[in-house]
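**Q** Just so it is clear, I am handing over model.txt, which has compact mmCIF, C-alpha atoms.
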```
# COMPACT_ATOMS: atom_id res chain seq x y z
CA MET N 156 47.72 -68.55 97.17
CA LYS N 157 46.29 -71.60 98.93
CA LYS N 158 45.70 -71.10 102.64
CA SER N 159 45.41 -73.68 105.42
CA GLU N 160 44.40 -72.67 108.94
CA PHE N 161 44.61 -74.56 112.25
CA THR N 162 43.59 -73.88 115.84
CA VAL N 163 46.14 -74.64 118.56
CA THR N 164 44.75 -77.02 121.22
CA GLN N 165 47.77 -77.35 123.51
CA ALA N 166 50.92 -75.41 124.37
CA GLN N 167 53.63 -76.26 121.86
CA GLU N 168 56.46 -74.74 119.83
CA LEU N 169 55.66 -73.70 116.26
CA LEU N 170 57.96 -76.04 114.29
CA PRO N 171 56.75 -79.32 115.82
CA PHE N 172 53.16 -78.04 115.54
CA LEU N 173 53.63 -77.50 111.80
CA GLU N 174 55.27 -80.90 111.37
CA SER N 175 52.33 -82.57 113.08
CA ARG N 176 49.91 -80.82 110.72
CA MET N 177 51.98 -81.59 107.61
CA PRO N 178 52.93 -85.29 107.97
CA ASP N 179 53.52 -85.69 104.22
CA SER N 180 56.04 -82.83 104.02
CA SER N 181 59.75 -83.14 104.75
CA ARG N 182 61.32 -81.18 107.60
CA THR N 183 63.18 -79.11 104.99
CA ARG N 184 59.93 -78.20 103.23
CA VAL N 185 58.30 -77.23 106.54
CA LYS N 186 61.25 -74.97 107.34
CA GLU N 187 61.00 -73.35 103.89
CA LEU N 188 57.35 -72.51 104.57
CA LEU N 189 58.20 -71.23 108.04
CA ALA N 190 60.73 -68.82 106.54
CA HIS N 191 58.08 -66.86 104.62
CA ASN N 192 54.57 -68.29 104.69
CA VAL N 193 53.42 -68.93 108.29
CA TYR N 194 51.17 -66.61 110.30
CA VAL N 195 50.18 -66.78 113.96
CA ASP N 196 46.99 -64.85 114.78
CA GLY N 197 47.43 -62.92 111.53
CA ARG N 198 51.10 -61.97 112.06
CA ARG N 199 53.82 -63.57 109.98
CA THR N 200 56.52 -65.29 112.01
CA SER N 201 59.59 -67.33 111.11
CA GLN N 202 60.58 -68.19 114.71
CA PHE N 203 60.74 -72.01 114.82
CA ASN N 204 60.36 -72.13 118.61
CA TYR N 205 57.55 -69.57 118.78
CA PRO N 206 55.51 -70.53 121.89
CA LEU N 207 51.98 -71.42 120.84
CA GLN N 208 49.11 -71.34 123.32
CA PRO N 209 45.66 -72.95 123.11
CA GLY N 210 43.24 -70.92 121.03
CA MET N 211 45.86 -69.36 118.75
CA ARG N 212 45.27 -69.59 115.00
CA VAL N 213 48.12 -70.74 112.75
CA SER N 214 47.77 -70.26 109.01
CA ILE N 215 50.01 -71.48 106.21
CA GLU N 216 49.98 -69.85 102.78
CA LYS N 217 51.22 -72.06 99.98
CA ALA N 218 51.95 -70.52 96.60
CA SER N 219 50.46 -72.39 93.67
CA PHE N 220 52.72 -73.62 90.90
CA ARG N 221 51.57 -70.73 88.69
CA ASP N 222 52.27 -68.20 91.47
CA ARG N 223 55.81 -69.54 91.87
CA MET N 224 56.41 -69.10 88.13
CA ARG N 225 55.31 -65.45 88.05
CA PRO N 226 57.89 -63.16 86.38
CA ARG N 227 60.00 -60.63 88.26
CA ASP N 228 60.24 -57.98 85.53
CA LEU N 229 56.55 -57.10 85.74
CA ASP N 230 53.57 -57.68 88.01
CA ILE N 231 50.64 -59.73 86.75
CA VAL N 232 47.68 -57.77 88.12
CA PHE N 233 44.98 -59.84 86.39
CA GLU N 234 44.98 -63.01 84.32
CA ASP N 235 42.30 -65.19 82.79
CA GLN N 236 42.22 -67.52 79.78
CA HIS N 237 41.95 -64.58 77.37
CA LEU N 238 44.26 -61.78 78.54
CA PHE N 239 46.62 -60.23 81.07
CA VAL N 240 46.68 -56.88 82.82
CA VAL N 241 50.27 -56.27 83.90
CA ASN N 242 52.07 -53.52 85.78
CA LYS N 243 55.18 -52.94 83.67
CA HIS N 244 58.35 -51.84 85.43
CA GLU N 245 60.29 -48.89 84.02
CA GLY N 246 63.16 -49.84 81.74
CA LEU N 247 61.36 -52.80 80.15
CA LEU N 248 60.41 -52.63 76.48
CA SER N 249 56.80 -53.40 75.63
CA TYR N 250 57.68 -55.11 72.37
CA SER N 251 60.62 -55.48 70.00
CA LYS N 252 61.20 -56.99 66.57
CA HIS N 253 64.52 -58.33 67.84
CA PRO N 254 64.05 -61.74 69.51
CA ALA N 255 67.04 -61.25 71.83
CA ASP N 256 65.51 -58.17 73.51
CA LYS N 257 63.79 -58.64 76.84
CA THR N 258 60.25 -57.28 76.53
CA VAL N 259 56.84 -57.59 78.16
CA ILE N 260 55.93 -60.06 75.42
CA SER N 261 59.05 -62.22 75.82
CA VAL N 262 58.71 -62.29 79.62
CA LEU N 263 55.04 -63.32 79.40
CA ASN N 264 55.79 -65.94 76.75
CA GLN N 265 58.35 -67.50 79.11
CA TYR N 266 55.72 -67.50 81.87
CA LEU N 267 53.10 -69.05 79.56
CA ALA N 268 55.53 -71.79 78.57
CA ALA N 269 56.59 -72.46 82.17
CA THR N 270 52.96 -72.79 83.28
CA HIS N 271 52.09 -75.06 80.33
CA GLN N 272 49.57 -72.70 78.77
CA HIS N 273 49.26 -73.41 75.07
CA CYS N 274 49.11 -69.82 73.83
CA HIS N 275 51.29 -66.79 73.18
CA ALA N 276 51.27 -63.16 74.31
CA HIS N 277 50.07 -60.54 71.83
CA VAL N 278 50.50 -56.76 72.04
CA VAL N 279 47.30 -54.79 72.68
CA HIS N 280 48.89 -51.40 73.40
CA ARG N 281 52.36 -50.24 74.37
CA LEU N 282 54.06 -48.08 76.95
CA ASP N 283 57.39 -46.35 76.37
CA ARG N 284 60.33 -48.32 77.69
CA ASP N 285 60.91 -45.89 80.57
CA THR N 286 57.22 -45.47 81.43
CA SER N 287 55.85 -47.81 84.07
CA GLY N 288 52.28 -48.89 84.67
CA LEU N 289 49.27 -50.85 83.52
CA MET N 290 49.25 -52.61 80.16
CA LEU N 291 46.89 -54.99 78.38
CA VAL N 292 48.29 -58.11 76.73
CA ALA N 293 46.12 -60.66 74.92
CA LYS N 294 46.61 -64.43 74.91
CA SER N 295 45.41 -64.80 71.33
CA LYS N 296 45.48 -62.82 68.11
CA GLU N 297 41.67 -62.89 68.05
CA VAL N 298 41.36 -61.08 71.40
CA SER N 299 44.06 -58.61 70.41
CA GLN N 300 42.14 -57.84 67.22
CA ARG N 301 38.94 -57.17 69.17
CA PHE N 302 40.72 -54.40 71.06
CA GLU N 303 42.26 -53.08 67.85
CA GLU N 304 38.89 -52.95 66.06
CA ASP N 305 37.04 -51.14 68.88
CA TRP N 306 39.61 -49.64 71.25
CA LYS N 307 37.51 -46.62 72.24
CA GLY N 308 34.42 -48.76 72.69
CA ILE N 309 36.19 -51.27 74.93
CA VAL N 310 38.62 -49.11 76.96
CA PHE N 311 36.54 -46.50 78.81
CA ASP N 312 39.15 -44.95 81.13
CA ARG N 313 42.95 -44.89 80.93
CA ARG N 314 45.01 -42.40 82.91
CA TYR N 315 48.59 -41.52 83.70
CA VAL N 316 50.34 -39.57 86.41
CA ALA N 317 53.50 -37.57 85.78
CA VAL N 318 55.81 -35.28 87.69
CA ALA N 319 56.41 -32.16 85.59
CA TRP N 320 58.87 -29.36 86.10
CA GLY N 321 57.51 -26.15 87.60
CA HIS N 322 53.92 -24.99 88.06
CA LEU N 323 51.46 -25.24 85.19
CA GLU N 324 49.74 -21.96 84.44
CA GLN N 325 46.27 -23.58 84.55
CA GLY N 326 45.18 -26.26 87.02
CA ARG N 327 43.42 -28.21 84.30
CA GLY N 328 43.11 -28.04 80.55
CA GLU N 329 43.46 -29.69 77.17
CA VAL N 330 46.40 -29.86 74.77
CA ARG N 331 45.63 -30.40 71.09
CA SER N 332 48.25 -30.63 68.36
CA TRP N 333 49.28 -32.57 65.26
CA PHE N 334 52.16 -35.04 65.43
CA THR N 335 54.66 -35.95 62.75
CA ASP N 336 57.71 -38.16 63.06
CA GLY N 337 61.05 -36.38 63.16
CA GLU N 338 64.43 -38.00 62.73
CA TYR N 339 64.94 -38.57 66.45
CA SER N 340 61.69 -37.54 68.11
CA VAL N 341 58.04 -36.65 67.59
CA LEU N 342 57.34 -33.16 66.23
CA SER N 343 54.23 -31.26 67.38
CA SER N 344 52.35 -28.50 65.55
CA PRO N 345 49.52 -26.38 67.03
CA VAL N 346 47.89 -26.21 63.58
CA ASP N 347 46.87 -29.00 61.25
CA ASN N 348 49.92 -29.73 59.10
CA GLY N 349 48.72 -33.06 57.79
CA GLY N 350 50.01 -34.95 60.82
CA LYS N 351 48.05 -37.08 63.30
CA LEU N 352 45.81 -35.28 65.79
CA ALA N 353 46.79 -35.80 69.43
CA VAL N 354 44.56 -34.69 72.33
CA THR N 355 45.52 -34.82 76.02
CA HIS N 356 43.48 -33.68 79.04
CA TYR N 357 45.38 -32.81 82.22
CA GLU N 358 44.70 -31.82 85.81
CA VAL N 359 47.24 -30.78 88.45
CA ARG N 360 46.84 -32.93 91.56
CA GLN N 361 49.61 -31.46 93.74
CA THR N 362 52.40 -28.90 93.58
CA SER N 363 55.66 -28.44 95.45
CA ARG N 364 58.33 -25.78 95.25
CA ARG N 365 59.85 -27.29 92.10
CA TYR N 366 57.34 -29.72 90.64
CA SER N 367 53.73 -30.49 89.74
CA LEU N 368 52.07 -33.88 90.04
CA VAL N 369 49.79 -34.08 87.00
CA GLU N 370 47.02 -36.55 86.10
CA LEU N 371 46.55 -37.07 82.37
CA ARG N 372 43.86 -38.66 80.19
CA LEU N 373 44.32 -39.37 76.50
CA ASP N 374 41.72 -39.02 73.76
CA THR N 375 44.28 -40.38 71.30
CA GLY N 376 47.19 -42.76 71.72
CA ARG N 377 50.07 -41.25 69.79
CA ARG N 378 53.71 -42.16 70.38
CA ASN N 379 55.25 -40.16 73.27
CA GLN N 380 52.02 -38.14 73.47
CA ILE N 381 52.15 -37.08 77.13
CA ARG N 382 55.86 -36.31 77.01
CA VAL N 383 55.44 -34.14 73.89
CA HIS N 384 52.38 -32.31 75.19
CA LEU N 385 53.92 -31.48 78.56
CA ARG N 386 56.92 -30.12 76.67
CA ASP N 387 54.49 -28.06 74.57
CA LEU N 388 53.18 -26.61 77.84
CA LYS N 389 56.81 -25.79 78.75
CA HIS N 390 56.63 -28.09 81.78
CA PRO N 391 58.29 -31.29 80.60
CA VAL N 392 58.25 -34.60 82.44
CA VAL N 393 61.04 -34.89 84.99
CA HIS N 394 64.04 -36.92 83.80
CA ASP N 395 62.89 -37.08 80.18
CA PRO N 396 66.07 -37.46 78.08
CA ILE N 397 64.35 -36.61 74.78
CA TYR N 398 61.67 -33.99 75.48
CA GLY N 399 62.88 -32.68 78.84
CA TYR N 400 65.53 -30.29 80.06
CA LYS N 401 69.05 -31.24 79.04
CA ASP N 402 70.34 -30.01 82.42
CA ASP N 403 67.72 -31.99 84.40
CA VAL N 404 69.17 -32.27 87.91
CA SER N 405 66.22 -34.01 89.56
CA PRO N 406 67.16 -36.67 92.15
CA ILE N 407 65.36 -39.46 90.30
CA SER N 408 66.86 -42.07 87.99
CA ARG N 409 63.79 -42.74 85.87
CA LEU N 410 61.24 -41.01 83.68
CA ALA N 411 58.53 -39.66 86.02
CA LEU N 412 55.57 -41.07 84.07
CA HIS N 413 53.29 -43.91 85.18
CA ALA N 414 50.09 -45.40 83.72
CA PHE N 415 48.08 -45.76 86.93
CA ARG N 416 44.51 -46.52 85.79
CA LEU N 417 43.08 -48.92 83.21
CA CYS N 418 39.36 -49.61 82.84
CA PHE N 419 37.79 -51.67 80.07
CA THR N 420 34.95 -53.98 79.12
CA HIS N 421 36.28 -57.52 78.76
CA PRO N 422 36.00 -58.27 75.03
CA VAL N 423 34.97 -61.90 75.65
CA THR N 424 33.02 -61.98 78.93
CA GLY N 425 31.54 -58.47 78.69
CA LYS N 426 32.48 -57.73 82.32
CA ARG N 427 33.56 -54.19 83.17
CA LEU N 428 36.99 -54.30 84.82
CA ARG N 429 38.81 -51.50 86.66
CA PHE N 430 42.45 -51.51 87.75
CA GLU N 431 44.60 -48.93 89.55
CA THR N 432 48.13 -48.87 90.90
CA PRO N 433 49.50 -46.36 93.42
CA VAL N 434 51.60 -43.37 92.44
CA PRO N 435 55.25 -44.55 92.53
CA ALA N 436 56.97 -43.73 95.81
CA SER N 437 59.81 -41.95 93.98
CA PHE N 438 57.26 -39.51 92.50
CA LEU N 439 55.87 -38.69 95.93
CA LYS N 440 59.38 -38.10 97.29
CA LEU N 441 59.99 -35.60 94.50
CA MET N 442 56.87 -33.74 95.57
CA GLU N 443 58.42 -33.17 98.99
CA LEU N 444 61.23 -31.06 97.44
```
Could I get this file's structure written as C-alpha cells?
**A**
Amino acid sequence: MKKSEFTVTQAQELLPFLESRMPDSSRTRVKELLAHNVYVDGRRTSQFNYPLQPGMRVSIEKASFRDRMRPRDLDIVFEDQHLFVVNKHEGLLSYSKHPADKTVISVLNQYLAATHQHCHAHVVHRLDRDTSGLMLVAKSKEVSQRFEEDWKGIVFDRRYVAVAWGHLEQGRGEVRSWFTDGEYSVLSSPVDNGGKLAVTHYEVRQTSRRYSLVELRLDTGRRNQIRVHLRDLKHPVVHDPIYGYKDDVSPISRLALHAFRLCFTHPVTGKRLRFETPVPASFLKLMEL
C-alpha cells in the first residue's frame, strides 16, 4: 500500500479537499478511493461531505498494481523474488496433476503472470485440501530443491492446531507409528511393519464440554499424519470424513485443522523468518460448546 497524508488548513468538505489534492485524478477515481481508502484522523470514512476542520489529518491509501492483482483463494503473507508464504483457504488443493484443477500452484501462477513476473510457482510442501494454513511455495525449481535437500535444516518450527473430539487422556504427549498406504486411506501400525515412521507431538491448549483444542508439531511429514494420529488416540479431528466419526454432528462445515505457524531460514538470504496466523474463528466457536 502507498500512503499519502495531508493536513487540513481550512474548513472544507472531504470530497472537494481530495479533488484539490489530486488534480491529476478524475472525479470518478477520487470517489472510488473515497469509498474504501480514505482516513480522517486515523478513521476510515466514505462520507463525501464529511466536515473537515483545520488541523485534521487526511490520509489516502492507494493499492499498488501488485496488491490489486492479489488472489482471493489464498492470502499472500510474504513474497520476495525467491518464494511465497501463503495462507491457504480450506477446500483448495495444494497441487494437482490435472491442469484444469484450481490449486495453490495454479492460482499463484495466474498471479505471477498478471504481475509480469517471469517465473513459475513450485511446490515446497503440501497441505490436505481441507486443511487451511501456512504453506511455502518457491518461485524457482532451484529454491524448491534447496528445501527438499535440507528440509529439517531449513524449517525449524512448523505447527498446527486442531479441534478434536472429546478430552485427550494426557495433556501432552507423542504419537509414534508406521504408515502404509491403504486402498482409500493411510493405515497406521504401532509396531514397525516396514512402513514409514511418523512422529507427532501434541499439547492440549483448551478443552470444552465436547472438544479439545490441540497444538501439534510434526517430526515427520507423512500424508494425513495429524488426522491419522488423532484417530489413533481415539480423538479424531472434528469433521474429518475419512478418519473421523461417521456420525459427526459438529456444527462446522470444514475439517478442523489449521497450519498456524511456519518458521524457517530463508534458503537464499539466510534470514530467519517466522510467521503465524490466528486460530480460525470457527474453531474458537466450537470450543464454546
**Q** With the cut-off set at 12 Å and counting all atoms listed in the file, tabulate each residue of stretch 375-404 of chain N with an atom at most that distance from an atom of stretch 296-318 of chain N, showing the nearest atom pair and its distance in Å to one decimal, ordered by chain and increasing number, as JSON lines.
**A**
```
{"residue": "N:Thr375", "atom": "CA", "partner": "N:Lys307", "partner_atom": "CA", "distance": 9.3}
{"residue": "N:Gly376", "atom": "CA", "partner": "N:Trp306", "partner_atom": "CA", "distance": 10.2}
{"residue": "N:Gln380", "atom": "CA", "partner": "N:Tyr315", "partner_atom": "CA", "distance": 11.3}
{"residue": "N:Ile381", "atom": "CA", "partner": "N:Tyr315", "partner_atom": "CA", "distance": 8.7}
{"residue": "N:Arg382", "atom": "CA", "partner": "N:Ala317", "partner_atom": "CA", "distance": 9.2}
{"residue": "N:His384", "atom": "CA", "partner": "N:Ala317", "partner_atom": "CA", "distance": 11.9}
{"residue": "N:Leu385", "atom": "CA", "partner": "N:Ala317", "partner_atom": "CA", "distance": 9.5}
{"residue": "N:His390", "atom": "CA", "partner": "N:Val318", "partner_atom": "CA", "distance": 9.3}
{"residue": "N:Pro391", "atom": "CA", "partner": "N:Val318", "partner_atom": "CA", "distance": 8.5}
{"residue": "N:Val392", "atom": "CA", "partner": "N:Val318", "partner_atom": "CA", "distance": 5.8}
{"residue": "N:Val393", "atom": "CA", "partner": "N:Val318", "partner_atom": "CA", "distance": 5.9}
{"residue": "N:His394", "atom": "CA", "partner": "N:Val318", "partner_atom": "CA", "distance": 9.2}
{"residue": "N:Asp395", "atom": "CA", "partner": "N:Val318", "partner_atom": "CA", "distance": 10.5}
{"residue": "N:Gly399", "atom": "CA", "partner": "N:Val318", "partner_atom": "CA", "distance": 11.6}
```
**Q** Atom CA of N:Val404 and atom CA of N:Trp320 are how many Å apart?
**A**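 The value is 10.9 Å.
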**Q** Every residue with an atom at most 12 Å from (45.0, -47.7, 86.8) (file coordinates; only C-alpha atoms) is what I'm after, so could you write them as a PyMOL selection string?
**A** chain N and resi 232+240-243+287-291+310-316+370-372+413-419+428-434
**Q** Please provide the set of residues having any atom within 6 Å of N:Glu358, restricted to only C-alpha atoms, with same-chain residues fewer than 6 positions apart removed, written as a PyMOL selection string.
**A** chain N and resi 326-327+369-370
**Q** With all atoms listed in the file as the atoms that count, which of N:Pro226, N:Gly425, N:Pro406, N:Gly210 lies nearest to N:Thr162?
**A**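 When distances to N:Thr162 are compared using all atoms listed in the file, the smallest one comes from N:Gly210.
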**Q** Can you tell me, as number ranges by chain, what residues are no more than 10 Å from stretch 263-274 of chain N when counting only C-alpha atoms, ignoring any on the same chain fewer than 5 positions away?
**A** N: 220-226, 228-229, 231, 236-237, 239, 241, 258, 292-296
**Q** How many Å separate atom CA of N:Tyr357 from atom CA of N:Phe334?
**A**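 Separating atom CA of N:Tyr357 from atom CA of N:Phe334 is a distance of 18.2 Å.
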**Q** Kindly give the distance, in Å, that separates atom CA of N:Arg227 and atom CA of N:Leu441, rounded to a single decimal.
**A**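 Going from atom CA of N:Arg227 over to atom CA of N:Leu441 covers 25.8 Å.
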**Q** I need the residue nearest N:Arg364 from this list: N:Leu444, N:Pro345, N:Arg409, N:Asp403. Use only C-alpha atoms for the distance.
**A**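 Of N:Leu444, N:Pro345, N:Arg409, N:Asp403, the one nearest N:Arg364 is N:Leu444, counting only C-alpha atoms.
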**Q** Using all atoms listed in the file, can you list as a PDB file with C-alpha atoms, in the frame of the given file the residues within 6 Å of (49.2, -70.7, 111.5)?
**A**
```
ATOM      1  CA  GLU N 160      44.400 -72.670 108.940  1.00  0.00           C
ATOM      2  CA  VAL N 193      53.420 -68.930 108.290  1.00  0.00           C
ATOM      3  CA  TYR N 194      51.170 -66.610 110.300  1.00  0.00           C
ATOM      4  CA  VAL N 195      50.180 -66.780 113.960  1.00  0.00           C
ATOM      5  CA  ARG N 212      45.270 -69.590 115.000  1.00  0.00           C
ATOM      6  CA  VAL N 213      48.120 -70.740 112.750  1.00  0.00           C
ATOM      7  CA  SER N 214      47.770 -70.260 109.010  1.00  0.00           C
ATOM      8  CA  ILE N 215      50.010 -71.480 106.210  1.00  0.00           C
TER       9      ILE N 215
END
```
**Q** Looking at N:Val330, N:Val359, N:Ala353, N:Val423, which one is nearest to N:Leu388, with distances taken over all atoms listed in the file?
**A**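 Ranking N:Val330, N:Val359, N:Ala353, N:Val423 by distance to N:Leu388, first place goes to N:Val330.
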**Q** Just checking: using only C-alpha atoms, which residue out of N:His280, N:Arg365, N:His253, N:Lys217 ends up closest to N:Leu323?
**A**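 The closest residue to N:Leu323 is N:Arg365.
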**Q** Report as a ChimeraX atom specification all protein, DNA and RNA residues lying within 12 Å of N:Asn379, evaluated on all atoms listed in the file, omitting residues in the same chain fewer than 5 positions from it.
**A** /N:281-286,334-336,339-343,353,355,373,384-386,391-392,395,397-398,412
**Q** Find the spatial neighbours of N:Tyr205, counting all atoms listed in the file, within a cut-off of 8 Å - ignore same-chain residues fewer than 5 positions away - and output them as a PyMOL selection string.
**A** chain N and resi 168-170
**Q** Please complete stretch 394-413 of chain N with N, CA and C atoms and give it back as a PDB file, in the frame of the given file.
**A**
```
ATOM      1  N   HIS N 394      63.078 -35.902  84.242  1.00  0.00           N
ATOM      2  CA  HIS N 394      64.040 -36.920  83.800  1.00  0.00           C
ATOM      3  C   HIS N 394      63.659 -37.504  82.445  1.00  0.00           C
ATOM      4  N   ASP N 395      63.198 -36.659  81.542  1.00  0.00           N
ATOM      5  CA  ASP N 395      62.890 -37.080  80.180  1.00  0.00           C
ATOM      6  C   ASP N 395      64.093 -36.735  79.302  1.00  0.00           C
ATOM      7  N   PRO N 396      64.839 -37.745  78.821  1.00  0.00           N
ATOM      8  CA  PRO N 396      66.070 -37.460  78.080  1.00  0.00           C
ATOM      9  C   PRO N 396      65.845 -36.932  76.675  1.00  0.00           C
ATOM     10  N   ILE N 397      64.624 -37.053  76.148  1.00  0.00           N
ATOM     11  CA  ILE N 397      64.350 -36.610  74.780  1.00  0.00           C
ATOM     12  C   ILE N 397      63.601 -35.286  74.750  1.00  0.00           C
ATOM     13  N   TYR N 398      62.545 -35.172  75.538  1.00  0.00           N
ATOM     14  CA  TYR N 398      61.670 -33.990  75.480  1.00  0.00           C
ATOM     15  C   TYR N 398      61.833 -33.077  76.705  1.00  0.00           C
ATOM     16  N   GLY N 399      62.715 -33.449  77.626  1.00  0.00           N
ATOM     17  CA  GLY N 399      62.880 -32.680  78.840  1.00  0.00           C
ATOM     18  C   GLY N 399      64.061 -31.736  78.793  1.00  0.00           C
ATOM     19  N   TYR N 400      64.396 -31.205  79.962  1.00  0.00           N
ATOM     20  CA  TYR N 400      65.530 -30.290  80.060  1.00  0.00           C
ATOM     21  C   TYR N 400      66.834 -31.065  79.967  1.00  0.00           C
ATOM     22  N   LYS N 401      67.768 -30.555  79.187  1.00  0.00           N
ATOM     23  CA  LYS N 401      69.050 -31.240  79.040  1.00  0.00           C
ATOM     24  C   LYS N 401      69.866 -31.160  80.330  1.00  0.00           C
ATOM     25  N   ASP N 402      69.622 -30.141  81.149  1.00  0.00           N
ATOM     26  CA  ASP N 402      70.340 -30.010  82.420  1.00  0.00           C
ATOM     27  C   ASP N 402      69.463 -30.448  83.591  1.00  0.00           C
ATOM     28  N   ASP N 403      68.615 -31.461  83.358  1.00  0.00           N
ATOM     29  CA  ASP N 403      67.720 -31.990  84.400  1.00  0.00           C
ATOM     30  C   ASP N 403      68.571 -32.494  85.572  1.00  0.00           C
ATOM     31  N   VAL N 404      68.378 -31.892  86.737  1.00  0.00           N
ATOM     32  CA  VAL N 404      69.170 -32.270  87.910  1.00  0.00           C
ATOM     33  C   VAL N 404      68.275 -32.885  88.987  1.00  0.00           C
ATOM     34  N   SER N 405      67.138 -33.424  88.583  1.00  0.00           N
ATOM     35  CA  SER N 405      66.220 -34.010  89.560  1.00  0.00           C
ATOM     36  C   SER N 405      66.831 -35.265  90.173  1.00  0.00           C
ATOM     37  N   PRO N 406      66.588 -35.501  91.464  1.00  0.00           N
ATOM     38  CA  PRO N 406      67.160 -36.670  92.150  1.00  0.00           C
ATOM     39  C   PRO N 406      66.331 -37.926  91.906  1.00  0.00           C
ATOM     40  N   ILE N 407      66.124 -38.264  90.659  1.00  0.00           N
ATOM     41  CA  ILE N 407      65.360 -39.460  90.300  1.00  0.00           C
ATOM     42  C   ILE N 407      66.048 -40.080  89.102  1.00  0.00           C
ATOM     43  N   SER N 408      66.110 -41.396  89.054  1.00  0.00           N
ATOM     44  CA  SER N 408      66.860 -42.070  87.990  1.00  0.00           C
ATOM     45  C   SER N 408      65.951 -42.692  86.951  1.00  0.00           C
ATOM     46  N   ARG N 409      64.728 -42.185  86.834  1.00  0.00           N
ATOM     47  CA  ARG N 409      63.790 -42.740  85.870  1.00  0.00           C
ATOM     48  C   ARG N 409      62.871 -41.644  85.349  1.00  0.00           C
ATOM     49  N   LEU N 410      62.256 -41.898  84.211  1.00  0.00           N
ATOM     50  CA  LEU N 410      61.240 -41.010  83.680  1.00  0.00           C
ATOM     51  C   LEU N 410      60.055 -40.976  84.644  1.00  0.00           C
ATOM     52  N   ALA N 411      59.596 -39.791  85.005  1.00  0.00           N
ATOM     53  CA  ALA N 411      58.530 -39.660  86.020  1.00  0.00           C
ATOM     54  C   ALA N 411      57.151 -39.725  85.362  1.00  0.00           C
ATOM     55  N   LEU N 412      56.851 -40.869  84.751  1.00  0.00           N
ATOM     56  CA  LEU N 412      55.570 -41.070  84.070  1.00  0.00           C
ATOM     57  C   LEU N 412      55.100 -42.493  84.329  1.00  0.00           C
ATOM     58  N   HIS N 413      53.827 -42.612  84.765  1.00  0.00           N
ATOM     59  CA  HIS N 413      53.290 -43.910  85.180  1.00  0.00           C
ATOM     60  C   HIS N 413      51.827 -44.029  84.767  1.00  0.00           C
TER      61      HIS N 413
END
```
